[in-house]
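K.L.:
Provided herewith: run_19.cif, mmCIF, C-alpha atoms.
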```cif
data_input
#
loop_
_atom_site.label_atom_id
_atom_site.label_comp_id
_atom_site.auth_asym_id
_atom_site.auth_seq_id
_atom_site.Cartn_x
_atom_site.Cartn_y
_atom_site.Cartn_z
CA MET Z 349 5.41 7.42 8.36
CA PRO Z 350 6.41 4.09 6.76
CA GLU Z 351 3.99 2.51 4.33
CA LEU Z 352 3.62 -0.50 2.03
CA VAL Z 353 3.83 0.56 -1.62
CA THR Z 354 4.07 -1.02 -5.01
CA PRO Z 355 7.82 -1.22 -5.84
CA ILE Z 356 9.16 2.15 -7.00
CA THR Z 357 12.43 3.43 -8.46
CA ALA Z 358 12.51 6.40 -6.04
CA VAL Z 359 14.16 4.19 -3.39
CA HIS Z 360 16.99 3.04 -5.70
CA ALA Z 361 19.94 4.23 -3.59
CA SER Z 362 18.41 3.03 -0.33
CA TYR Z 363 17.49 -0.33 -1.89
CA LEU Z 364 21.13 -0.87 -2.88
CA GLU Z 365 22.22 -0.06 0.68
CA ALA Z 366 19.67 -2.55 2.05
CA ILE Z 367 20.83 -5.27 -0.34
CA ALA Z 368 24.41 -4.73 0.82
CA GLU Z 369 23.17 -5.23 4.40
CA PHE Z 370 21.34 -8.43 3.43
CA GLN Z 371 24.38 -9.74 1.57
CA ALA Z 372 26.58 -9.04 4.61
CA GLU Z 373 24.27 -11.48 6.44
CA GLY Z 374 24.85 -14.10 3.73
CA ARG Z 375 21.70 -13.52 1.69
CA GLY Z 376 21.77 -14.13 -2.05
CA THR Z 377 24.00 -17.20 -1.90
CA PRO Z 378 23.04 -20.28 -3.94
CA ASP Z 379 21.53 -21.93 -0.85
CA ASP Z 380 19.27 -18.90 -0.12
CA GLN Z 381 15.98 -20.15 -1.57
CA SER Z 382 13.99 -17.05 -0.60
CA LEU Z 383 12.54 -14.64 -3.14
CA LEU Z 384 15.08 -12.06 -1.97
CA GLY Z 385 17.90 -14.53 -2.58
CA ARG Z 386 16.55 -15.34 -6.03
CA ASP Z 387 16.28 -11.63 -6.88
CA ILE Z 388 19.84 -10.92 -5.77
CA ARG Z 389 21.20 -13.76 -7.91
CA ALA Z 390 19.03 -13.08 -10.96
CA HIS Z 391 18.96 -9.28 -11.04
CA GLY Z 392 21.55 -7.90 -8.62
CA ARG Z 393 24.27 -7.34 -11.22
CA HIS Z 394 21.95 -4.85 -13.01
CA TRP Z 395 20.79 -2.83 -10.01
CA ASP Z 396 23.60 -0.23 -9.99
CA ASP Z 397 22.37 1.05 -13.36
CA PRO Z 398 19.16 3.11 -12.97
CA ALA Z 399 17.73 1.59 -16.16
CA GLY Z 400 18.53 -1.91 -14.94
CA PHE Z 401 16.90 -1.14 -11.59
CA ALA Z 402 13.81 0.24 -13.37
CA THR Z 403 13.58 -2.97 -15.40
CA PHE Z 404 13.78 -5.00 -12.18
CA VAL Z 405 11.06 -2.88 -10.55
CA ALA Z 406 8.77 -3.35 -13.56
CA ALA Z 407 9.36 -7.13 -13.56
CA THR Z 408 8.70 -7.28 -9.81
CA VAL Z 409 5.37 -5.50 -10.21
CA ALA Z 410 4.48 -7.70 -13.20
CA ASP Z 411 5.09 -10.86 -11.15
CA ALA Z 412 1.53 -10.49 -9.86
CA GLU Z 413 0.25 -11.33 -13.35
CA GLU Z 414 -0.65 -14.96 -13.98
CA ASP Z 415 1.25 -15.15 -17.26
CA ALA Z 416 4.43 -13.35 -16.10
CA PRO Z 417 7.64 -15.34 -16.61
CA ARG Z 418 8.86 -17.06 -13.46
CA PRO Z 419 10.90 -20.13 -12.52
CA PRO Z 420 9.14 -23.50 -12.58
CA GLY Z 421 7.14 -24.11 -9.41
CA PHE Z 422 6.79 -20.42 -8.58
CA VAL Z 423 3.33 -18.80 -8.43
CA PRO Z 424 2.19 -15.23 -9.06
CA SER Z 425 3.11 -12.92 -6.19
CA THR Z 426 2.17 -9.39 -5.27
CA VAL Z 427 5.34 -7.76 -3.98
CA LEU Z 428 5.13 -4.68 -1.80
CA TRP Z 429 7.96 -2.58 -0.43
CA TYR Z 430 7.91 -0.94 2.97
CA VAL Z 431 9.29 2.58 2.60
CA GLU Z 432 9.51 5.85 4.42
CA GLY Z 433 10.02 8.63 1.90
CA ASP Z 434 12.90 7.46 -0.28
CA THR Z 435 14.16 4.98 2.33
CA PHE Z 436 13.64 1.27 1.67
CA LEU Z 437 12.92 -0.56 4.94
CA GLY Z 438 11.77 -3.97 3.75
CA ARG Z 439 9.85 -6.10 1.30
CA LEU Z 440 6.87 -8.39 1.48
CA SER Z 441 5.49 -10.94 -0.97
CA ILE Z 442 1.93 -12.25 -1.04
CA ARG Z 443 1.73 -15.44 -3.08
CA HIS Z 444 -1.53 -15.88 -4.92
CA ARG Z 445 -1.87 -19.61 -4.20
CA LEU Z 446 -0.22 -22.45 -2.35
CA THR Z 447 1.88 -25.19 -3.85
CA GLN Z 448 2.95 -28.19 -1.79
CA ARG Z 449 6.34 -26.57 -1.18
CA LEU Z 450 4.73 -23.34 -0.02
CA LEU Z 451 2.33 -25.29 2.18
CA ASP Z 452 5.22 -27.08 3.86
CA TRP Z 453 7.95 -24.44 3.76
CA GLY Z 454 7.24 -20.96 2.40
CA GLY Z 455 3.67 -19.97 3.21
CA LEU Z 456 1.57 -17.35 1.45
CA ILE Z 457 3.30 -14.28 2.87
CA GLY Z 458 7.04 -13.80 3.20
CA TYR Z 459 8.79 -10.68 4.38
CA ASP Z 460 12.25 -9.27 4.96
CA VAL Z 461 13.16 -6.21 7.03
CA ARG Z 462 16.56 -4.73 6.23
CA PRO Z 463 19.03 -5.39 9.05
CA THR Z 464 19.47 -1.75 10.14
CA ALA Z 465 15.67 -1.29 10.39
CA ARG Z 466 14.96 -4.31 12.59
CA ARG Z 467 13.56 -4.25 16.12
CA ARG Z 468 11.46 -1.16 15.45
CA GLY Z 469 8.11 -2.84 14.77
CA HIS Z 470 8.40 -2.69 10.97
CA GLY Z 471 7.86 -6.43 10.47
CA THR Z 472 4.70 -6.37 12.57
CA ALA Z 473 3.37 -3.32 10.71
CA MET Z 474 4.25 -4.75 7.29
CA LEU Z 475 2.46 -8.02 7.96
CA ARG Z 476 -0.57 -6.26 9.48
CA ASP Z 477 -0.85 -3.86 6.54
CA SER Z 478 -0.58 -6.70 4.03
CA LEU Z 479 -3.59 -8.63 5.35
CA PRO Z 480 -6.24 -6.51 3.57
CA VAL Z 481 -4.24 -6.86 0.34
CA ALA Z 482 -4.14 -10.63 0.79
CA ARG Z 483 -7.90 -10.60 1.35
CA ARG Z 484 -8.44 -8.65 -1.90
CA ILE Z 485 -6.31 -11.27 -3.70
CA GLY Z 486 -8.78 -13.86 -2.40
CA HIS Z 487 -7.22 -15.23 0.78
CA GLU Z 488 -9.57 -15.45 3.76
CA ARG Z 489 -6.62 -16.65 5.80
CA VAL Z 490 -2.93 -16.83 5.06
CA LEU Z 491 -0.21 -19.27 5.99
CA VAL Z 492 2.92 -17.58 7.34
CA THR Z 493 5.99 -19.61 8.25
CA CYS Z 494 9.23 -18.91 10.03
CA ASP Z 495 12.32 -20.83 11.06
CA HIS Z 496 11.81 -22.56 14.40
CA ASP Z 497 14.63 -20.53 15.95
CA ASN Z 498 13.58 -17.11 14.57
CA VAL Z 499 12.04 -15.65 17.71
CA ALA Z 500 11.60 -12.17 16.19
CA SER Z 501 9.62 -13.47 13.22
CA ARG Z 502 7.53 -15.70 15.47
CA LYS Z 503 6.62 -12.63 17.55
CA VAL Z 504 5.66 -10.70 14.39
CA ILE Z 505 3.35 -13.51 13.27
CA GLU Z 506 1.78 -13.96 16.70
CA ALA Z 507 1.29 -10.18 17.10
CA ASN Z 508 -0.80 -10.34 13.92
CA GLY Z 509 -3.06 -13.09 15.23
CA GLY Z 510 -1.08 -16.05 13.93
CA VAL Z 511 -2.44 -19.35 15.18
CA PHE Z 512 0.21 -22.06 15.39
CA GLU Z 513 -0.63 -25.19 13.40
CA ASP Z 514 2.53 -27.30 13.45
CA ARG Z 515 6.22 -27.62 12.78
CA ARG Z 516 7.42 -29.13 9.51
CA GLY Z 517 11.15 -29.63 9.46
CA GLU Z 518 12.74 -26.36 10.49
CA LYS Z 519 9.58 -24.32 9.80
CA LEU Z 520 6.85 -23.27 12.21
CA ARG Z 521 3.51 -22.81 10.45
CA TYR Z 522 0.86 -20.26 11.45
CA TRP Z 523 -2.49 -19.24 9.97
CA ILE Z 524 -3.75 -15.64 10.13
CA ASP Z 525 -7.28 -14.47 9.36
CA THR Z 526 -7.14 -11.68 6.77
CA GLY Z 527 -10.25 -10.02 8.17
CA ALA Z 528 -7.92 -7.93 10.33
CA THR Z 529 -7.77 -4.27 9.40
CA GLY Z 530 -4.65 -2.59 8.13
CA ALA Z 531 -3.39 0.56 6.47
CA LEU Z 532 -4.24 -0.60 2.95
CA ALA Z 533 -7.84 -1.62 3.75
#
```
Could you render the structure from this file as structure tokens?

P.N.:
Amino acid sequence: MPELVTPITAVHASYLEAIAEFQAEGRGTPDDQSLLGRDIRAHGRHWDDPAGFATFVAATVADAEEDAPRPPGFVPSTVLWYVEGDTFLGRLSIRHRLTQRLLDWGGLIGYDVRPTARRRGHGTAMLRDSLPVARRIGHERVLVTCDHDNVASRKVIEANGGVFEDRRGEKLRYWIDTGATGALA
């Protein structure tokens, strides 16, 4: 059964396959401002090497620490991977606080489901299971955003109790109470 886990090296081969799927969609280009896009550009050239992948995994886990190195304007984030055995299905990031950019554009939780694992309920399960983690981080409610034309993501957010607040540019903004129960509670 799929579960959210702290990033692990055991999914190395599957992670590389997932990244190839994301890149085939155009992810990782200079205009991809997501955390996934940033990771592909900053670390992707080292992922084929098991030691390079292990270094990336360690840095990803360490990003939750307040004093971890990160680009200007970025905040600490707890990154979780959604896996089934040694198969990487997706990733989720819980930011520890909001900046103005995150308030307007990125939200507190962002997630990506690999293309070949979509339309199976993984996004809904990932977001649901992350809510108790977000609560432990200190969020009583979380802001989750999606592109205005991303119907699938909108359904994931609404299935998890997302209450629509407004649209800012291309982003729809929803708030979710973290009191909901999930697998990591």

K.L.:
Can you tell me which residues surround Thr403 of chain Z at a distance of at most 12 Å, considering all atoms listed in the file, apart from same-chain residues fewer than 5 positions away, and format the answer as a PyMOL selection string?

P.N.:
chain Z and resi 355-357+360+391-392+394-398+408-410

K.L.:
Specify as number ranges by chain each residue included when the PyMOL selection byres ((chain Z and resi 510-512) around 12) is applied to this file.

P.N.:
Z: 472, 475-476, 479, 489-494, 496, 501-509, 513-516, 519-526, 528

K.L.:
Write the selection just made, keeping C-alpha atoms, as an mmCIF file, in the frame of the given file?

P.N.:
```
data_model
loop_
_atom_site.group_PDB
_atom_site.id
_atom_site.type_symbol
_atom_site.label_atom_id
_atom_site.label_comp_id
_atom_site.auth_asym_id
_atom_site.auth_seq_id
_atom_site.Cartn_x
_atom_site.Cartn_y
_atom_site.Cartn_z
ATOM 1 C CA THR Z 472 4.700 -6.370 12.570
ATOM 2 C CA LEU Z 475 2.460 -8.020 7.960
ATOM 3 C CA ARG Z 476 -0.570 -6.260 9.480
ATOM 4 C CA LEU Z 479 -3.590 -8.630 5.350
ATOM 5 C CA ARG Z 489 -6.620 -16.650 5.800
ATOM 6 C CA VAL Z 490 -2.930 -16.830 5.060
ATOM 7 C CA LEU Z 491 -0.210 -19.270 5.990
ATOM 8 C CA VAL Z 492 2.920 -17.580 7.340
ATOM 9 C CA THR Z 493 5.990 -19.610 8.250
ATOM 10 C CA CYS Z 494 9.230 -18.910 10.030
ATOM 11 C CA HIS Z 496 11.810 -22.560 14.400
ATOM 12 C CA SER Z 501 9.620 -13.470 13.220
ATOM 13 C CA ARG Z 502 7.530 -15.700 15.470
ATOM 14 C CA LYS Z 503 6.620 -12.630 17.550
ATOM 15 C CA VAL Z 504 5.660 -10.700 14.390
ATOM 16 C CA ILE Z 505 3.350 -13.510 13.270
ATOM 17 C CA GLU Z 506 1.780 -13.960 16.700
ATOM 18 C CA ALA Z 507 1.290 -10.180 17.100
ATOM 19 C CA ASN Z 508 -0.800 -10.340 13.920
ATOM 20 C CA GLY Z 509 -3.060 -13.090 15.230
ATOM 21 C CA GLU Z 513 -0.630 -25.190 13.400
ATOM 22 C CA ASP Z 514 2.530 -27.300 13.450
ATOM 23 C CA ARG Z 515 6.220 -27.620 12.780
ATOM 24 C CA ARG Z 516 7.420 -29.130 9.510
ATOM 25 C CA LYS Z 519 9.580 -24.320 9.800
ATOM 26 C CA LEU Z 520 6.850 -23.270 12.210
ATOM 27 C CA ARG Z 521 3.510 -22.810 10.450
ATOM 28 C CA TYR Z 522 0.860 -20.260 11.450
ATOM 29 C CA TRP Z 523 -2.490 -19.240 9.970
ATOM 30 C CA ILE Z 524 -3.750 -15.640 10.130
ATOM 31 C CA ASP Z 525 -7.280 -14.470 9.360
ATOM 32 C CA THR Z 526 -7.140 -11.680 6.770
ATOM 33 C CA ALA Z 528 -7.920 -7.930 10.330
#
```

K.L.:
List, as a list of chain:residue names, every residue that the PyMOL selection byres ((chain Z and resi 436) around 9) selects in the file provided.

P.N.:
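Selected by the PyMOL selection byres ((chain Z and resi 436) around 9) in this file: Z:Val359, Z:His360, Z:Ala361, Z:Ser362, Z:Tyr363, Z:Glu365, Z:Ala366, Z:Trp429, Z:Tyr430, Z:Val431, Z:Glu432, Z:Gly433, Z:Asp434, Z:Thr435, Z:Leu437, Z:Gly438, Z:Arg439, Z:Arg462.
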
K.L.:
With all atoms listed in the file as the atoms that count, which of Z:Gly385, Z:Gly471, Z:Gly454, Z:Gly376 lies nearest to Gly517 of chain Z?

P.N.:
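With all atoms listed in the file as the atom set, the closest residue is Z:Gly454.
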
K.L.:
Hey, which of Z:Asp460, Z:Asp477, Z:Glu488, Z:Glu413 ends up closest to Glu351 of chain Z? Count all atoms listed in the file.

P.N.:
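The closest residue to Glu351 of chain Z is Z:Asp477.
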
K.L.:
When distances are computed from all atoms listed in the file, which of Z:Ala407, Z:Thr426, Z:Ala465, Z:Ala399 shows the smallest separation from Val353 of chain Z?

P.N.:
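Of Z:Ala407, Z:Thr426, Z:Ala465, Z:Ala399, the one nearest Val353 of chain Z is Z:Thr426, counting all atoms listed in the file.
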
K.L.:
Around segment 505-515 of chain Z, with edges along x, y and z and 5 Å added on all six sides, what centre and edge lengths do you get, in Å to one decimal, as JSON?

P.N.:
```
{"center_x": 1.6, "center_y": -18.9, "center_z": 14.9, "size_x": 19.3, "size_y": 27.4, "size_z": 14.3}
```

K.L.:
For Phe422 of chain Z, which of Z:Arg484, Z:Arg443, Z:Arg466, Z:Arg389 is the closest residue, counting all atoms listed in the file?

P.N.:
Z:Arg443

K.L.:
Determine the nearest neighbour of Leu456 of chain Z from the options Z:Leu428, Z:Ala473, Z:Val423, Z:Ala500, counting only C-alpha atoms.

P.N.:
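Of all the options, Z:Val423 lies closest to Leu456 of chain Z.
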
K.L.:
Report, in Å to a single decimal, how far apart atom CA of Ala406 of chain Z and atom CA of Val461 of chain Z are.

P.N.:
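Between atom CA of Val461 of chain Z and atom CA of Ala406 of chain Z the gap is 21.2 Å.
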
K.L.:
Any idea what the distance is between atom CA of Thr464 of chain Z and atom CA of Arg375 of chain Z?

P.N.:
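These two atoms are separated by 14.7 Å.
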
K.L.:
Between atom CA of Arg483 of chain Z and atom CA of Glu518 of chain Z, what is the distance, to one decimal in Å?

P.N.:
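About the pair atom CA of Arg483 of chain Z and atom CA of Glu518 of chain Z: they are 27.5 Å apart.
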
K.L.:
Between Z:Met349, Z:Ala402, Z:Pro480, Z:Pro463, which one has atoms that come closest to Ile367 of chain Z, using only C-alpha atoms?

P.N.:
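Result for the nearest residue to Ile367 of chain Z: Z:Pro463.
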
K.L.:
Quick one: apply the PyMOL selection byres ((chain Z and resi 414) around 10) to the file and drop the selected residues here as an NGL selection string.

P.N.:
:Z and (410-413 or 415-418 or 423-425 or 444)
